[in-house]
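Enquirer: Below: one structure in structure tokens.
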Amino acid sequence: MHKLPITNKLGFYEIRMASIGGFGANVAGKMLAEAGVLKQGYNGSNFSSYGSEKKGSPVSAFVRFCAPDVNVRVNAPVTEPHMLVIFLEAIAKMPGMLSGVTEETIVIFNTHKDVDAARDYLGLACGTLVVVDAMKIAVEEKTRVNTALLGTMAAVSGFLSQDALKEMMRETFGKKYPQTVPANIKTFERGASEYVSKKFANDGKYRPTPFSRSGQKLGYLNQPIGGVIVAAGNSMFKDLSASRSGYVPVLNRSKCTSCGECDITCPDYCFEWKEEVGKKGKPEMVLQKIHYQYCKGCLRCVEICKFEALTTHVEYEVKQSVIDSGYVNDIKEIA
Amino acid sequence: MSQATSEIKTVKPGTVEQVVDFLSGNEMAATVVAQINYHLMGYYPITPSTEVAEYLDEMFANGKHGVRMIPADGEHGAAGICYGASTAGGRVFNATSANGLLFSIEQLPVQSGTRMPMVLNLVCRSVSGPLDIRGDHSDLYSTLNLGWVIFCAKDPQATYDLIAVATKVAEHMDVRLPAIVANDGFFTSHQKRRVYRFAADKDLQDFVGPFKYIHSSVDPNNPTTFGPYMNDPDQINNKKQLSLAMAASVNVIDAVYDEWAKLSGRRYNRLETYKMEDAEVAILILNSAADTAMEAVDTMRAQGKKVGVLYPTVLRPFPAEELRKACKNVKALLVADRADVYGAQGGAMTLDAKSALKDDTNNKTLVMSRIYGLGGKDFLDLDAIEMFNLALAAAAKGKVDVGYDYIGAEPGDPSYSIPVKNAPISKAASTPGIVSVTKDAATGQLVVKGVKQRELTKLPTRIAPGHGACPGCGIFPNISTFLKGIEGNVVMLWHTGCGMVVTTGYPSTAFNITYIHNLFQNGAPTLSGALEMFKERQRRGEIPAGEEITFIMVTGDGGLDIGLGPTLGTAIRNHKMIVLEYDNQGYMNTGHQLSFATPLGHKTSTSNVGPKEQGKTFHHKDSAQLFAATHIPYVFTATEGNYKDLIRKAAKAQWYARNEGLVFGKLFSVCPLNWGHPDEIGNDLSQLVVDTNFFPLYEVEHGITTLNHDPEEKGVKKDVTEWLGKMAKTKHLLKPENKPLVEQFRVEVERRFQRIKAMSQHPLL
């Protein structure tokens with residue numbers, strides 16, 4: 001058993017993984033903790049953020065390690081991580097993502113960006129930034145990003161045993177999906193080698209992000225009594241783009257008949273309609289656009305569309321201007 | 001449940017061999033119950049205790065224990081199952097939380113008053129409302145006067161240990177009382193820790209011994225009357241007996257704690273002390289937060305502060321004598337309560353502590369109360385340090401300045417209010433006059449015209465985008481399509497469930513109209529109350545005569561299990577409102593446990609698949625026929641896949657709710673996440689269930705049934721396996737060994753369909 005490279009005042013090495021439900025952060029945290037405690041002999045704990053976990057909603061997993069004779073007596077989430085793992089670019093800019101990061105923190109970021117561009121994208125003040133294109137590895141190996149990221153975590157941690165983690169993966173996946181074990185091991189190994197790491201000092205380029213609990217805007221002085229909400233439909237302020245898992249529907253207005261079936265099947269109220277004067281001079285409802293802010297990429301609308309006016313595309317191949325406008329007039333416009 | 005077993009390490013800190021593992025509180029609760037091999041568990045899922053039943057069911061499916069698992073219709077029913085099972089002379093277990101506990105609470109004094117031992121794992125969570133799923137002790141504090149022995153387990157290890165101990169204490173002939181083992185929701189229930197469990201089940205079974213009953217309800221040779229009618233002068237004597245048993249439990253607990261210490265190497269005391277020997281100030285605190293407070297003690301001791309922590313492992317009977325001893329030289333005691341007793345200037349443990357110390361006339365300890373961590377707010381060592389500093393200040397001053405207060409409540413910024421996004425939907429905008437319903441004078445039938453989905457996009461949506469449902473969720477296509485057939489003002493009430501949770505996470509709401517949420521089982525009565533108040537105020541002239549509101553309640557199939565009785569009662573009263581059930585065949589909001597609507601053989605987290613179990617063991621509930629039997633004017637079934645039919649039925653529903661009375665509609669609603677199918681095929685699945693006859697489309701008007709779609713007649717009939725093959729939850733059913741099970745399902749589906757068809761052909765049926 002290696003000595004933990006760094007611990008906080010209570011004796012813990014602390015890890016926070018930030019993800020979206022469905023990307024396997026919980027399983028990764030569990031395997032990591034089990035490997036550390038049961039295979040490597042550390043003491044520790046593991047849990048996930050608690051809420052009503054739906055697919056596509058933000059989730060965090062936490063792991064703490066300490067020496068075998070140290071008691072685990074803290075149960076709150078990790079606020080000042082020694083290792084922060086960001087599972088996908090889409091969540092990287094969520095408020096509080098970098099909270100508690102210091103110069104001692106290793107930030108592992110699943111991105112295809114190079115390490116300097118990734119720092120700028122995150123606005124990272126300091127710390128060791130490790131970039132790995134886990135999505136590419138996962139797509140190529142037909143696995144998920146979580147095992148690639150586990151590989152990177154083990155490689156850069158200085159104490160997590162790659163053999164112990166591989167053994168844990170064989171046990172975890174072997175029980176229910178034995179056929180997936182080799183691909184997951186390969187994904188892990190690629191994650192452990194295909195990363196780039198760079199240490200950034202606090203050079204003043206970006207503001208540090210210390211952990212803070214204060215500053216809640218709504219409190220007992222101004223929260224309407226009884227917990228009522230008197231701001232109808234204010235969920236419209238939200239941006240749910242991060243819920244998508246790589247694919248988007250694209251509306252080609254030249255093929256659209258405004259039949260209205262997409263509006264029936266869309267769970268997320270993404271379609272905007274407007275009354276226009278039709279060919280016969282009468283007013284009629286015409287489909288205008290998709291609001292991608294609310295689109296979770298379920299592709300129900302593509303499935304129901306009889307006119308090929310809605311088609312499926314890999315999101316990163318679709319131009320930002322199309323996402324912004326919400327439609328094309330010719331499918332060639334997407335690239 | 002995942003137990004890492006490949007490389008088993010064992011230890012022997014006591015006299016028995018134990019396995020080193022890494023498990024959560026819920027996993028440990030399930031493990032100890034499985035190892036003891038309790039006779040029976042009656043349960044109903046509620047976060048965060050749900051996993052206990054899930055793990056036990058999964059272990060059962062794999063032949064790991066023989067505990068008979070009974071899913072109830074609600075916690076009240078679960079407590080009833082447990083009570084009945086207790087009378088029949090066996091070992092009974094239950095796990096619940098928060099409102100589940102409160103829903104069952106009237107059963108609990110019966111369990112103790114009639115002296116039936118059992119163990120309830122209370123996985124503590126904040127009690128509604130507003131609804132909060134995270135951990136505090138507001139549920140636990142509701143149990144203090146129920147006559148149950150109460151153990152408090154601060155971590156997963158203690159959960160295991162104290163369930164074993166509680167089993168033995170409860171069943172002891174000097175006690176014969178039920179026992180609660182309370183641990184902290186999420187902080188303990190969902191947090192994995194390094195733990196030790198007995199290697200051999202037999203060691204645990206030898207420790208608790210065989211269950212001994214005094215009276216049994218299933219022994220014909222000894223006819224016994226359980227639960228007579230007992231007024232004065234006898235009831236007070238029954239309670240005196242209970243009080244004596246509670247007092248007697250003290251010695252029993254101490255003896256069993258001794259025995260457990262020898263066996264396991266883990267010593268428990270009714271009141272635990274940490275660095276109290278020379279402590280001048282102390283915090284009295286419960287469960288997981290006690291651990292955090294101990295970290296703070298070490299930090300402050302390093303700075304030379306004489307501080308300590310006290311935490312009970314037994315809350316009833318309260319360790320008063322032990323507290324008096326521990327506080328002999330304590331100058332100031334801060335009692336930290338994770339629930340308030342509003343108006344009492346302190347939480348329940350503050351009141352217990354003050355009362356205990358009062359009995360020591362020499363005691364001079366200053367006592368102060370702080371309420372912390374409500375609704376699951378994290379308790380950090382910084383908070384504990386703040387508490388110690390308050391106590392130190394009081395000790396130094398010889399006086400408590402503020403005896404009772406909250407720690408961790410935020411004032412907020414008074415200049416800030418929640419930004420408003422949308423203006424109210426005007427009556428004119430919500431009444432575009434596209435769909436019309438008229439009564440045909442000749443036939444008496446309602447005729448619906450104008451079901452044009454394109455034109456209906458003009459109707460403002462009553463629900464806004466930005467809700468957090470999973471991609472491809474079936475709830476919103478169903479409910480929104482229904483609402484396209486509804487004109488004018490709408491007030492909606494949603495039962496607890498996915499639809500409710502994803503739309504109204506504070507401080508955000510996806511409702512553009514007025515929305516109400518009340519308890520899981522109580523939506524229909526609540527909405528009937530709102531509706532009747534609207535009418536009464538209208539009758540008194542407080543609301544203009546011309547105002548009209550359509551009242552619509554939305555429930556999942558889960559809400560219609562626990563809330564079936566209240567909803568049927570509302571239907572029988574025939575209020576002019578609409579009840580919609582989105583049936584996604586399980587409790588999806590809590591992680592896909594079986595509901596009574598789950599079909600036979602379907603896999604859920606409480607109907608697992610393994611050598612001993614092939615999914616759910618009984619057929620799906622037919623809620624449409626249950627409501628048809630209340631003789632309300634209109635009952636219908638519909639799916640998003642037949643959207644024109646759904647909009648047509650919505651328009652009729654509004655007509656009936658305006659003119660006659662209650663409407664019940666059952667909607668088939670897919671769940672890609674838990675059923676395991678691609679996000680985009682919801683619409684197709686909705687058609688498949690109709691064409692396999694599983695979900696017949698029909699309506700019942702004044703008792704006369706009309707089948708809207710006969711797949712056989714239309715030549716589109718499909719076998720149920722075409723539907724079952726599309727989902728991960730049913731793929732095991734296509735294996736050859738499950739052919740008889742599928743045949744049983746097919747026969748039931750066909751029987752129910754043919755019955756509806758016959759009703760459709762004969763107006764009298």
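Ligands are numbered from 1 in the order shown, residues from 1 within each chain, and chains are lettered A, B, ... in the order they appear in the structure tokens.
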Do me a favour and pick out the residues of chain B within 6 Å of chain A, using only C-alpha atoms, as a ChimeraX atom specification.
Expert: /B:187,191-193,291-292,378,410-414,420-422,453-454,464-466,470-472,476-477,508-512,679-680
Enquirer: Deliver the residues from the most recent selection as a file, using C-alpha atoms, as a CSV table (one decimal), in the first residue's frame.
Expert:
chain,number,residue,atom,x,y,z
B,187,PHE,CA,-25.5,10.2,5.2
B,191,GLN,CA,-22.7,6.0,2.2
B,192,LYS,CA,-20.3,3.1,1.8
B,193,ARG,CA,-17.9,2.4,4.5
B,291,ASP,CA,-19.1,11.7,14.1
B,292,THR,CA,-18.6,15.1,12.6
B,378,ASP,CA,-25.0,19.3,5.5
B,410,GLU,CA,-29.8,31.7,5.7
B,411,PRO,CA,-31.4,35.1,5.8
B,412,GLY,CA,-31.2,35.6,2.0
B,413,ASP,CA,-31.1,39.0,0.3
B,414,PRO,CA,-34.3,40.9,1.0
B,420,VAL,CA,-41.0,36.1,-13.1
B,421,LYS,CA,-40.9,34.6,-16.6
B,422,ASN,CA,-44.4,34.3,-17.9
B,453,GLN,CA,-53.2,18.9,-33.8
B,454,ARG,CA,-51.7,21.6,-36.1
B,464,ALA,CA,-43.5,25.3,-19.6
B,465,PRO,CA,-40.2,23.9,-21.0
B,466,GLY,CA,-37.3,23.4,-18.7
B,470,CYS,CA,-35.4,12.0,-18.5
B,471,PRO,CA,-35.0,12.2,-22.3
B,472,GLY,CA,-37.9,10.5,-24.0
B,476,PHE,CA,-45.4,14.9,-20.8
B,477,PRO,CA,-46.5,13.7,-24.3
B,508,SER,CA,-38.4,26.8,-10.1
B,509,THR,CA,-41.7,25.6,-11.5
B,510,ALA,CA,-42.7,24.4,-15.0
B,511,PHE,CA,-46.3,25.3,-14.4
B,512,ASN,CA,-47.8,28.2,-16.2
B,679,ASP,CA,-35.6,7.1,-25.9
B,680,GLU,CA,-37.2,7.6,-29.2
Enquirer: Among stretch 112-265 of chain A, which residues does DSSP mark as alpha helix (DSSP H) when it is run on the backbone? Keep the chain and numbering as in the structure and answer as a PyMOL selection string.
Expert: chain A and resi 115-122+134-141+145-157+162-176+181-193+261-265
Enquirer: Return the single residue from B:Phe694, B:Trp723, B:Tyr38, B:Tyr141 that is closest to B:Arg751, with distances computed using only C-alpha atoms.
Expert: B:Phe694
Enquirer: Go through stretch 35-268 of chain A and collect every residue that DSSP, computed from the backbone, puts in strand (DSSP E or B); the answer should be as an MDAnalysis selection string.
Expert: chainID A and resid 43:48 58:66 83:86 101 106:110 127:132 195:200 209 247:252
Enquirer: Looking at A:Asn110, A:Gln40, A:Ser157, A:Thr152, which one is nearest to A:Ile15, with distances taken over only C-alpha atoms?
Expert: A:Ser157
Enquirer: Of the residues B:Val663, B:Val720, B:Ala72, B:Ile463, which is the one nearest to B:Asp561, using only C-alpha atoms?
Expert: B:Ala72
Enquirer: Please identify all polymer residues within 8 Å of A:Tyr247, counting only C-alpha atoms, omitting same-chain residues fewer than 5 positions from it, and present them as a PDB file with C-alpha atoms, in the first residue's frame.
Expert:
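And here's result04.pdb as it stands now:
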ATOM      1  CA  GLY A 297     -31.882  14.725 -27.621  1.00  0.00           C
ATOM      2  CA  THR A 312     -30.743  12.904 -36.432  1.00  0.00           C
ATOM      3  CA  HIS A 313     -27.238  14.352 -36.408  1.00  0.00           C
ATOM      4  CA  VAL A 314     -24.123  14.083 -34.285  1.00  0.00           C
ATOM      5  CA  GLU A 315     -24.229  17.268 -32.267  1.00  0.00           C
TER       6      GLU A 315
END
Enquirer: Which residue gives the smallest distance to B:Lys64 among B:Gly343, B:Phe207, B:Phe664, B:Gly610, with only C-alpha atoms counted?
Expert: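 The closest residue to B:Lys64 is B:Gly610.
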Enquirer: Provide the atom CA of B:Gly665 to atom CA of B:Ile578 distance in Å, to one decimal place.
Expert: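 About the pair atom CA of B:Gly665 and atom CA of B:Ile578: they are 7.7 Å apart.
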Enquirer: In Å, rounded to a single decimal, give me how far atom CA of A:Ala154 is from atom CA of A:Glu189.
Expert: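 Answer for the atom CA of A:Glu189 to atom CA of A:Ala154 separation: 9.9 Å.
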Enquirer: Might you pull out every residue within 9 Å of B:Arg125, with only C-alpha atoms counted and same-chain residues fewer than 6 positions away left off, and present them as a list in words?
Expert: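 Result of the neighbour search: Thr47, Pro48, Ser97, Ala98, Asn99, Asp132, Ile133, Arg134, Gly135, Asp136, His137, Ser138, Asp139, Leu140, Asp184, Gly185, Phe186, Gly375 and Gly376 of chain B.
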Enquirer: Hey, can you spit out that residue selection with N, CA and C atoms as a CSV table (one decimal), in the first residue's frame?
Expert:
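Written file, again35.csv:
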chain,number,residue,atom,x,y,z
B,47,THR,N,-38.0,6.7,-0.3
B,47,THR,CA,-36.7,7.2,-0.2
B,47,THR,C,-36.4,7.7,1.2
B,48,PRO,N,-35.3,7.5,1.8
B,48,PRO,CA,-34.1,6.8,1.4
B,48,PRO,C,-34.0,5.3,1.8
B,97,SER,N,-39.3,5.6,6.1
B,97,SER,CA,-38.8,6.9,6.3
B,97,SER,C,-39.9,7.9,6.3
B,98,ALA,N,-39.6,9.1,6.9
B,98,ALA,CA,-40.4,10.3,6.8
B,98,ALA,C,-41.9,10.1,6.8
B,99,ASN,N,-42.5,10.5,5.6
B,99,ASN,CA,-44.0,10.4,5.6
B,99,ASN,C,-44.5,9.0,5.5
B,132,ASP,N,-39.4,17.0,1.0
B,132,ASP,CA,-37.9,17.1,1.0
B,132,ASP,C,-37.5,15.6,1.2
B,133,ILE,N,-36.6,15.2,0.4
B,133,ILE,CA,-36.2,13.7,0.5
B,133,ILE,C,-35.0,13.5,1.3
B,134,ARG,N,-34.3,14.6,1.8
B,134,ARG,CA,-33.0,14.4,2.5
B,134,ARG,C,-33.2,14.2,4.0
B,135,GLY,N,-32.1,14.0,4.6
B,135,GLY,CA,-32.2,13.5,6.0
B,135,GLY,C,-32.2,14.5,7.1
B,136,ASP,N,-33.3,14.5,7.9
B,136,ASP,CA,-33.2,15.1,9.3
B,136,ASP,C,-34.0,14.1,10.2
B,137,HIS,N,-34.2,14.6,11.4
B,137,HIS,CA,-34.8,13.7,12.4
B,137,HIS,C,-36.3,14.1,12.7
B,138,SER,N,-37.0,14.8,11.8
B,138,SER,CA,-38.4,15.1,12.1
B,138,SER,C,-39.2,13.9,12.1
B,139,ASP,N,-38.9,12.8,11.4
B,139,ASP,CA,-39.7,11.6,11.5
B,139,ASP,C,-39.4,10.9,12.8
B,140,LEU,N,-38.1,10.8,13.1
B,140,LEU,CA,-37.7,10.1,14.3
B,140,LEU,C,-38.3,10.7,15.6
B,184,ASP,N,-29.3,7.6,9.7
B,184,ASP,CA,-29.5,8.8,9.0
B,184,ASP,C,-29.7,8.6,7.5
B,185,GLY,N,-30.8,9.1,6.9
B,185,GLY,CA,-31.0,9.0,5.5
B,185,GLY,C,-29.9,9.6,4.7
B,186,PHE,N,-29.4,8.9,3.7
B,186,PHE,CA,-28.3,9.3,2.8
B,186,PHE,C,-26.9,9.3,3.5
B,375,GLY,N,-33.9,19.3,6.8
B,375,GLY,CA,-34.1,19.1,5.4
B,375,GLY,C,-32.8,18.5,4.7
B,376,GLY,N,-31.9,18.0,5.6
B,376,GLY,CA,-30.7,17.4,5.0
B,376,GLY,C,-29.5,18.3,4.8
Enquirer: Between B:Pro210, B:Pro317, B:Pro13, B:Gly90, which one has atoms that come closest to B:Leu40, using only C-alpha atoms?
Expert: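 Distance minimum relative to B:Leu40 lands on B:Gly90.
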Enquirer: At a cut-off of 6 Å, using only C-alpha atoms, what residues contact B:Met28? Leave out same-chain residues fewer than 3 positions from it and give the result as a PyMOL selection string.
Expert: chain B and resi 25+31+160
Enquirer: Restricting the output to N, CA and C atoms, write the selected residues as a short mmCIF file (atom, residue, chain, number, x, y, z; two decimals), in the first residue's frame.
Expert:
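Saved the output as again39.cif:
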data_model
loop_
_atom_site.label_atom_id
_atom_site.label_comp_id
_atom_site.auth_asym_id
_atom_site.auth_seq_id
_atom_site.Cartn_x
_atom_site.Cartn_y
_atom_site.Cartn_z
N GLY B 25 -25.26 1.83 4.63
CA GLY B 25 -26.19 1.53 5.71
C GLY B 25 -27.34 0.66 5.23
N THR B 31 -28.30 -6.92 4.79
CA THR B 31 -27.42 -8.06 5.07
C THR B 31 -27.76 -8.72 6.40
N TYR B 160 -25.92 -2.44 11.17
CA TYR B 160 -25.86 -3.91 11.22
C TYR B 160 -25.93 -4.39 12.67
#
Enquirer: Residues within 9 Å of B:Gly591, please, as a list in words. Count only C-alpha atoms; anything in the same chain fewer than 6 positions from it doesn't count.
Expert: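 Within the cut-off, the hits are Glu53 of chain A; Thr50, Thr604, Ser605 and Asn674 of chain B.
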Enquirer: Could you list, as number ranges by chain, every residue within 6 Å of A:Ala90, counting only C-alpha atoms and ignoring same-chain residues fewer than 2 positions away?
Expert: A: 88, 92, 242
Enquirer: Can you write out the residues you just picked, keeping C-alpha atoms, as a CSV table (one decimal), in the first residue's frame?
Expert:
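Generated file (selection35.csv):
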chain,number,residue,atom,x,y,z
A,88,LEU,CA,-18.1,15.9,-19.9
A,92,ALA,CA,-17.9,22.1,-17.2
A,242,ALA,CA,-26.2,19.1,-21.0
